[in-house]
Structures are given as structure tokens and as C-alpha cells.
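Colleague: Take a look at the following structure, please.
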Amino acid sequence: MSESAEEHSIDLRPSNPALLLNINICLGNQIFGHERSRLKTLFVAISSKTLYPLALILVGDPGAAKNTICKVVLANFDNVLEITSASAKALDYLPEDSLKDKILYVEETVGVKDSGLALRSLLSEGVLSRLVTVKDEKTNKPKTELFKSKAKPVFLSTTNQVTSAGGALANRILHEDVDQSSKQIQGGLKWLAKVASMPHYEEPQPDPYLKEFIQNSVVSKEVLVPFLGPSSKSQRSSIGSNGSESSSSTENTL
């Protein structure tokens with residue numbers, strides 16, 4: 001993608017038909033190529049602001065820019081919890097709601113392999129409940145307490161092979177193969193050489209257009225389904241021909 005944000009007035013209004021193109025132009029200021037992967041990563045991250053958080057693992061060989069894609073995207077978010085690894089029981093003792101509306105970013109999926117059971121429960125049900133034995137401070141005797149953590153986070157990670165995530169965990173997560181074509185590699189090397197010869201930041205920086213879009217445009221946690229009304233009327237007409245039509249109306253919003 002040859003366009004740059006400096007050459008265009010970036011219009012990121014949700015009503016703009018060129019919204020996805022303009023978002024990719026913004027992302028392209030800090031990474032070459034990977035248009036599909038970086039856009040997919042962005043919208044998985046944006047799902048942290050909705051009632052339907054998603055999970056994504058970028059798959060590719062070492063050096064394929066998987067983590068660079070993630071970091072360029074996540075630089076625009078203020079709700080990222082980044083970890084390298086987690087022990088088997090680490091997620092069990094998280095404070096309640098500590099992952100609510102958060103993006104859990106693990107650089108390499110193998111880093112949370114030991115805590116796969118807890119992570120699987122979080123991504124599926126959004127709840128962790130664990131009974132543990134602790135010492136009662138008053139009586140010095142053992143007692144049982146319930147540790148509970150609620151909220152389903154967005155999960156974002158990378159791997160060089162899907163099996164490293166474990167089969168049961170992998171089945172709950174979207175996977176994206178990053179571009180490893182010769183054209184991408186050659187273009188990426190030329191782009192890096194050009195950037196290295198110019199003033200630049202070592203770490204990805206938030207894009208002002210994207211950051212404003214994420215903060216101000218993704219605000220509703222309600223899902224509107226306006227086509228359900230006409231669909232239900234059509235369905236009732238069909239059912240009515242068999243003599244079993246219901247007279248109740250269907251709301252247009254959920």
C-alpha cells in the first residue's frame with residue numbers, strides 16, 4: 001500500500017465507505033504490508049469495547065513480523081495487559097473483574113501453555129471459580145474460600161505453530177496466517193532500510209487518527225438488528241399459511 005497518512009486527509013468516520021482503507025493507511029505508517037493481518041488484529045482488539053470480545057493468534061515463522069503487527073495495533077489502546085508467560089495457577093487468583101474490557105496480549109502462545117485450562121475457561125465462559133484452602137487468621141485453622149474472577153478478555157498472541165496453543169484452546173481462537181511471500185519479505189526489508197535512515201521511534205507509536213476513532217467511534221455496547229422486523233413478518237406470513245400464525249410483533253432492536 002503506497003498511500004500514506006501525510007498524503008491524505010484521513011476520514012475515519014464510521015459512515016465513510018472508505019473506512020477500512022483509511023484505517024489500513026494509518027496502520028501502514030509503521031509497518032509494511034500485512035494489510036489483512038493488521039486490519040484483522042485491529043478489529044479483534046476493538047472487540048474489547050463491545051459485549052463480544054474475540055481471541056486471535058497470528059501464525060507465522062520467526063521473524064515474520066507477527067509481534068510487530070500486534071504492537072503497532074496495540075499502541076493505539078489504553079486497556080492492554082501484556083505478559084510474557086503465566087504459571088499454571090496464575091490466572092486463578094486474579095482479582096475479580098481485573099480482565100474486564102481488557103486486551104490480554106501474550107507475545108508467544110507457548111508462554112501460557114501451563115495455564116491453558118484457566119485461559120480456556122476465561123475465553124469460553126468469562127468466569128473462573130476456584131475453591132482453595134487458606135489459613136483462618138482468627139482461629140489459625142484451615143478454611144475454604146472461593147476465589148472468583150469474572151470477565152472475558154480479548155486474547156491476542158502469536159505462534160509459529162497452532163499446536164503450541166493446545167488443541168482445546170486453539171479451537172476457541174481465530175487464527176491468521178501472516179504473509180510470508182517473497183514479495184512481502186523483500187518489500188519489508190526495503191521498507192526497514194528506508195525507515196532506519198530516517199528519524200524514527202524504535203517502539204510503535206499511537207496514530208492520532210486511529211486513537212481518536214477507537215476512543216470516540218466505538219462507544220455503543222448495544223447491537224441493533226433492524227432487519228429482524230421484516231424477516232419476522234415474512235416468517236409469520238409463511239407460518240400463517242399453515243394456520244399457525246402468531247399475532248405478536250417482534251422488536252427491531254435487541
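Lettering and numbering for the C-alpha cells are positional, with chains as A, B, ... in the shown order, residues counted from 1 in each chain, and ligands counted from 1 in the shown order.
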Could you name the residues that touch Glu96 (chain A) at 9 Å or less, counting only C-alpha atoms, but leaving out those on the same chain fewer than 4 positions away, as an MDAnalysis selection string?

Modeller: chainID A and resid 100 147:151

Colleague: List the spatial neighbours of His34 (chain A) as a JSON list (two decimals) with N, CA and C atoms, in the first residue's frame - criterion: any atom at most 9 Å away, only C-alpha atoms, same-chain residues fewer than 6 positions off excluded.

Modeller:
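As a result, around_25.json now contains:
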```
[["chain", "number", "residue", "atom", "x", "y", "z"],
["A", 28, "GLY", "N", -0.36, 1.45, 8.05],
["A", 28, "GLY", "CA", 0.77, 1.28, 7.16],
["A", 28, "GLY", "C", 1.89, 2.27, 7.37],
["A", 65, "ALA", "N", 7.19, -10.83, 11.46],
["A", 65, "ALA", "CA", 6.57, -9.56, 11.89],
["A", 65, "ALA", "C", 5.26, -9.75, 12.64],
["A", 69, "ILE", "N", 3.15, -6.54, 14.15],
["A", 69, "ILE", "CA", 1.75, -6.25, 13.82],
["A", 69, "ILE", "C", 0.96, -5.96, 15.09],
["A", 178, "VAL", "N", 0.12, -14.97, 8.74],
["A", 178, "VAL", "CA", 0.69, -13.73, 8.23],
["A", 178, "VAL", "C", 1.34, -13.98, 6.87],
["A", 179, "ASP", "N", 1.46, -12.92, 6.09],
["A", 179, "ASP", "CA", 2.03, -13.01, 4.74],
["A", 179, "ASP", "C", 3.53, -13.29, 4.84],
["A", 184, "GLN", "N", 6.46, -9.91, 0.08],
["A", 184, "GLN", "CA", 6.33, -9.28, 1.39],
["A", 184, "GLN", "C", 7.69, -9.14, 2.07]]
```

Colleague: Please identify all polymer residues within 9 Å of Glu145 (chain A), counting only C-alpha atoms, omitting same-chain residues fewer than 5 positions from it, and present them as a count of residues only.

Modeller: 5

Colleague: Determine which residues of region 114-231 of chain A receive a DSSP assignment of helix (DSSP H, G or I), computed from the backbone, and state them as an MDAnalysis selection string.

Modeller: chainID A and resid 116:125 162:165 167:170 182:196 208:216 228:231

Colleague: May I have the residues from that selection written out with N, CA and C atoms, as a tab-separated table (two decimals), in the first residue's frame?

Modeller:
```
chain	number	residue	atom	x	y	z
A	116	GLY	N	-3.36	-23.21	30.48
A	116	GLY	CA	-4.33	-23.40	29.40
A	116	GLY	C	-5.74	-23.66	29.88
A	117	LEU	N	-5.90	-24.43	30.97
A	117	LEU	CA	-7.24	-24.74	31.48
A	117	LEU	C	-7.96	-23.48	31.93
A	118	ALA	N	-7.27	-22.65	32.71
A	118	ALA	CA	-7.89	-21.41	33.19
A	118	ALA	C	-8.18	-20.45	32.03
A	119	LEU	N	-7.24	-20.36	31.10
A	119	LEU	CA	-7.44	-19.47	29.96
A	119	LEU	C	-8.60	-19.95	29.10
A	120	ARG	N	-8.72	-21.24	28.94
A	120	ARG	CA	-9.82	-21.81	28.16
A	120	ARG	C	-11.16	-21.46	28.79
A	121	SER	N	-11.24	-21.54	30.12
A	121	SER	CA	-12.48	-21.20	30.81
A	121	SER	C	-12.80	-19.72	30.67
A	122	LEU	N	-11.78	-18.88	30.76
A	122	LEU	CA	-11.99	-17.44	30.61
A	122	LEU	C	-12.51	-17.09	29.23
A	123	LEU	N	-11.91	-17.68	28.20
A	123	LEU	CA	-12.30	-17.36	26.84
A	123	LEU	C	-13.67	-17.93	26.48
A	124	SER	N	-14.04	-19.05	27.12
A	124	SER	CA	-15.32	-19.68	26.81
A	124	SER	C	-16.46	-19.09	27.63
A	125	GLU	N	-16.26	-19.01	28.94
A	125	GLU	CA	-17.35	-18.62	29.85
A	125	GLU	C	-17.17	-17.25	30.48
A	162	VAL	N	0.25	-23.74	15.32
A	162	VAL	CA	-1.01	-23.70	16.05
A	162	VAL	C	-1.03	-24.70	17.19
A	163	THR	N	-0.37	-25.84	17.03
A	163	THR	CA	-0.43	-26.89	18.06
A	163	THR	C	0.20	-26.45	19.37
A	164	SER	N	1.04	-25.40	19.35
A	164	SER	CA	1.67	-24.95	20.60
A	164	SER	C	0.64	-24.37	21.56
A	165	ALA	N	-0.52	-23.99	21.03
A	165	ALA	CA	-1.58	-23.44	21.89
A	165	ALA	C	-2.38	-24.54	22.57
A	167	GLY	N	-4.77	-28.15	21.60
A	167	GLY	CA	-5.96	-28.34	20.77
A	167	GLY	C	-7.21	-27.70	21.33
A	168	ALA	N	-7.49	-27.91	22.62
A	168	ALA	CA	-8.72	-27.39	23.22
A	168	ALA	C	-8.74	-25.86	23.22
A	169	LEU	N	-7.57	-25.24	23.43
A	169	LEU	CA	-7.50	-23.78	23.42
A	169	LEU	C	-7.58	-23.25	21.99
A	170	ALA	N	-6.91	-23.91	21.07
A	170	ALA	CA	-6.88	-23.46	19.68
A	170	ALA	C	-8.26	-23.44	19.06
A	182	SER	N	7.61	-13.98	-0.85
A	182	SER	CA	8.88	-13.34	-1.18
A	182	SER	C	8.68	-11.84	-1.41
A	183	LYS	N	7.54	-11.48	-2.00
A	183	LYS	CA	7.24	-10.07	-2.23
A	183	LYS	C	7.13	-9.30	-0.92
A	184	GLN	N	6.46	-9.91	0.08
A	184	GLN	CA	6.33	-9.28	1.39
A	184	GLN	C	7.69	-9.14	2.07
A	185	ILE	N	8.50	-10.18	2.01
A	185	ILE	CA	9.80	-10.16	2.67
A	185	ILE	C	10.71	-9.11	2.04
A	186	GLN	N	10.78	-9.10	0.72
A	186	GLN	CA	11.63	-8.12	0.03
A	186	GLN	C	11.16	-6.70	0.29
A	187	GLY	N	9.84	-6.50	0.19
A	187	GLY	CA	9.30	-5.17	0.44
A	187	GLY	C	9.52	-4.72	1.88
A	188	GLY	N	9.38	-5.66	2.82
A	188	GLY	CA	9.60	-5.34	4.22
A	188	GLY	C	11.03	-4.94	4.51
A	189	LEU	N	11.98	-5.62	3.90
A	189	LEU	CA	13.40	-5.30	4.10
A	189	LEU	C	13.73	-3.92	3.53
A	190	LYS	N	13.20	-3.61	2.35
A	190	LYS	CA	13.43	-2.29	1.76
A	190	LYS	C	12.81	-1.20	2.62
A	191	TRP	N	11.63	-1.48	3.14
A	191	TRP	CA	10.93	-0.50	3.99
A	191	TRP	C	11.71	-0.25	5.28
A	192	LEU	N	12.22	-1.32	5.89
A	192	LEU	CA	13.01	-1.18	7.11
A	192	LEU	C	14.29	-0.40	6.87
A	193	ALA	N	14.93	-0.66	5.73
A	193	ALA	CA	16.15	0.08	5.40
A	193	ALA	C	15.87	1.57	5.23
A	194	LYS	N	14.74	1.89	4.62
A	194	LYS	CA	14.36	3.28	4.44
A	194	LYS	C	14.07	3.95	5.77
A	195	VAL	N	13.31	3.25	6.63
A	195	VAL	CA	12.96	3.81	7.93
A	195	VAL	C	14.21	4.02	8.79
A	196	ALA	N	15.15	3.07	8.71
A	196	ALA	CA	16.36	3.15	9.54
A	196	ALA	C	17.21	4.37	9.19
A	208	PRO	N	-2.66	9.22	15.81
A	208	PRO	CA	-3.69	10.13	16.36
A	208	PRO	C	-5.06	9.92	15.75
A	209	TYR	N	-5.13	9.61	14.45
A	209	TYR	CA	-6.42	9.39	13.81
A	209	TYR	C	-7.08	8.11	14.36
A	210	LEU	N	-6.28	7.03	14.45
A	210	LEU	CA	-6.81	5.76	14.92
A	210	LEU	C	-7.22	5.85	16.39
A	211	LYS	N	-6.40	6.50	17.18
A	211	LYS	CA	-6.70	6.59	18.61
A	211	LYS	C	-8.00	7.34	18.85
A	212	GLU	N	-8.21	8.41	18.10
A	212	GLU	CA	-9.47	9.16	18.23
A	212	GLU	C	-10.66	8.31	17.78
A	213	PHE	N	-10.46	7.56	16.68
A	213	PHE	CA	-11.53	6.68	16.18
A	213	PHE	C	-11.90	5.64	17.23
A	214	ILE	N	-10.90	5.01	17.85
A	214	ILE	CA	-11.15	3.96	18.83
A	214	ILE	C	-11.84	4.52	20.08
A	215	GLN	N	-11.42	5.71	20.49
A	215	GLN	CA	-11.97	6.30	21.72
A	215	GLN	C	-13.37	6.85	21.52
A	216	ASN	N	-13.64	7.43	20.36
A	216	ASN	CA	-14.88	8.17	20.18
A	216	ASN	C	-15.93	7.50	19.30
A	228	LEU	N	-34.58	-7.69	11.52
A	228	LEU	CA	-35.34	-8.77	12.13
A	228	LEU	C	-36.84	-8.55	12.02
A	229	GLY	N	-37.26	-7.27	12.07
A	229	GLY	CA	-38.69	-6.99	11.96
A	229	GLY	C	-39.27	-7.48	10.65
A	230	PRO	N	-38.74	-7.00	9.49
A	230	PRO	CA	-39.25	-7.50	8.20
A	230	PRO	C	-39.11	-9.02	8.06
A	231	SER	N	-38.01	-9.56	8.58
A	231	SER	CA	-37.81	-11.01	8.48
A	231	SER	C	-38.88	-11.76	9.25
```

Colleague: At a cut-off of 12 Å, using only C-alpha atoms, what residues contact Val44 (chain A)? Leave out same-chain residues fewer than 4 positions from it and give the result as a PDB file with C-alpha atoms, in the first residue's frame.

Modeller:
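out01.pdb was written with the following content:
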```
ATOM      1  CA  SER A  37      -3.443  -9.338   9.276  1.00  0.00           C
ATOM      2  CA  ARG A  38      -3.069  -5.868  10.729  1.00  0.00           C
ATOM      3  CA  LEU A  39      -6.699  -4.970   9.981  1.00  0.00           C
ATOM      4  CA  LYS A  40      -7.953  -8.222  11.498  1.00  0.00           C
ATOM      5  CA  SER A  48     -12.697  -5.323  23.824  1.00  0.00           C
ATOM      6  CA  LYS A  49     -15.057  -2.336  23.722  1.00  0.00           C
ATOM      7  CA  THR A  50     -18.076  -4.498  22.899  1.00  0.00           C
ATOM      8  CA  TYR A  52     -18.376  -9.825  22.305  1.00  0.00           C
ATOM      9  CA  PRO A  53     -14.603  -9.973  22.918  1.00  0.00           C
ATOM     10  CA  LEU A  54     -12.690 -12.103  20.422  1.00  0.00           C
ATOM     11  CA  ALA A  55      -9.438 -14.051  20.504  1.00  0.00           C
ATOM     12  CA  LEU A  56      -6.781 -14.172  17.791  1.00  0.00           C
ATOM     13  CA  ILE A  57      -3.425 -15.863  17.259  1.00  0.00           C
ATOM     14  CA  LEU A  58      -1.158 -14.711  14.456  1.00  0.00           C
ATOM     15  CA  CYS A  70       0.375  -6.681  17.339  1.00  0.00           C
ATOM     16  CA  VAL A  73      -2.088  -2.073  16.609  1.00  0.00           C
ATOM     17  CA  LEU A  74      -1.991  -2.166  20.419  1.00  0.00           C
ATOM     18  CA  PHE A  77      -5.188   1.115  23.020  1.00  0.00           C
ATOM     19  CA  LYS A 102      -9.064  -5.681  28.751  1.00  0.00           C
ATOM     20  CA  ILE A 103      -6.839  -6.992  25.958  1.00  0.00           C
ATOM     21  CA  LEU A 104      -4.663  -9.836  27.243  1.00  0.00           C
ATOM     22  CA  TYR A 105      -1.594  -9.859  24.983  1.00  0.00           C
ATOM     23  CA  PRO A 153     -10.909 -10.547  27.885  1.00  0.00           C
ATOM     24  CA  VAL A 154      -9.790 -10.155  24.323  1.00  0.00           C
ATOM     25  CA  PHE A 155      -6.899 -12.582  23.836  1.00  0.00           C
ATOM     26  CA  LEU A 156      -4.142 -11.766  21.372  1.00  0.00           C
ATOM     27  CA  SER A 157      -0.969 -13.771  20.811  1.00  0.00           C
ATOM     28  CA  ILE A 173      -9.471 -18.816  18.918  1.00  0.00           C
ATOM     29  CA  LEU A 174      -9.300 -17.240  15.471  1.00  0.00           C
ATOM     30  CA  HIS A 175      -6.086 -17.898  13.570  1.00  0.00           C
ATOM     31  CA  GLU A 176      -4.465 -15.690  10.960  1.00  0.00           C
TER      32      GLU A 176
END
```

Colleague: Give the strand (DSSP E) residues of region 47-178 of chain A, as assigned by DSSP on the backbone, as a PyMOL selection string.

Modeller: chain A and resi 55-59+80-83+103-106+127-135+142-150+154-159+174-177

Colleague: Taking 5 positions as the minimum chain separation for residues in the same chain, which residues sit within 8 Å of Gly111 (chain A) when counting only C-alpha atoms? Answer as a list in words.

Modeller: Thr84, Ser85, Ala86 and Val106 of chain A

Colleague: Based on the selection just made, write C-alpha atoms of those residues as a CSV table (one decimal), in the first residue's frame.

Modeller:
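Saved result, selection.csv, follows:
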```csv
chain,number,residue,atom,x,y,z
A,84,THR,CA,5.3,-13.0,28.6
A,85,SER,CA,4.2,-16.0,30.5
A,86,ALA,CA,1.9,-17.2,33.2
A,106,VAL,CA,0.9,-12.8,25.2
```

Colleague: Between CA of Lys89 (chain A) and CA of Gln161 (chain A), what distance in Å does the model show, to one decimal?

Modeller: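 Atom-to-atom, CA of Lys89 (chain A) to CA of Gln161 (chain A), that is 24.3 Å.
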
Colleague: One number please: CA of Lys143 (chain A) to CA of Asp114 (chain A), in Å, one decimal.

Modeller: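 CA of Asp114 (chain A) lies at a distance of 26.9 Å from CA of Lys143 (chain A).
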
Colleague: What is the CA of Ile83 (chain A) to CA of Ser129 (chain A) distance in Å?

Modeller: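 According to the coordinates, CA of Ile83 (chain A) and CA of Ser129 (chain A) are separated by 21.9 Å.
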
Colleague: Which is closest to Ala90 (chain A) among A:Ser115, A:Leu128, A:Leu42, A:Asn22, if we use only C-alpha atoms?

Modeller: A:Ser115
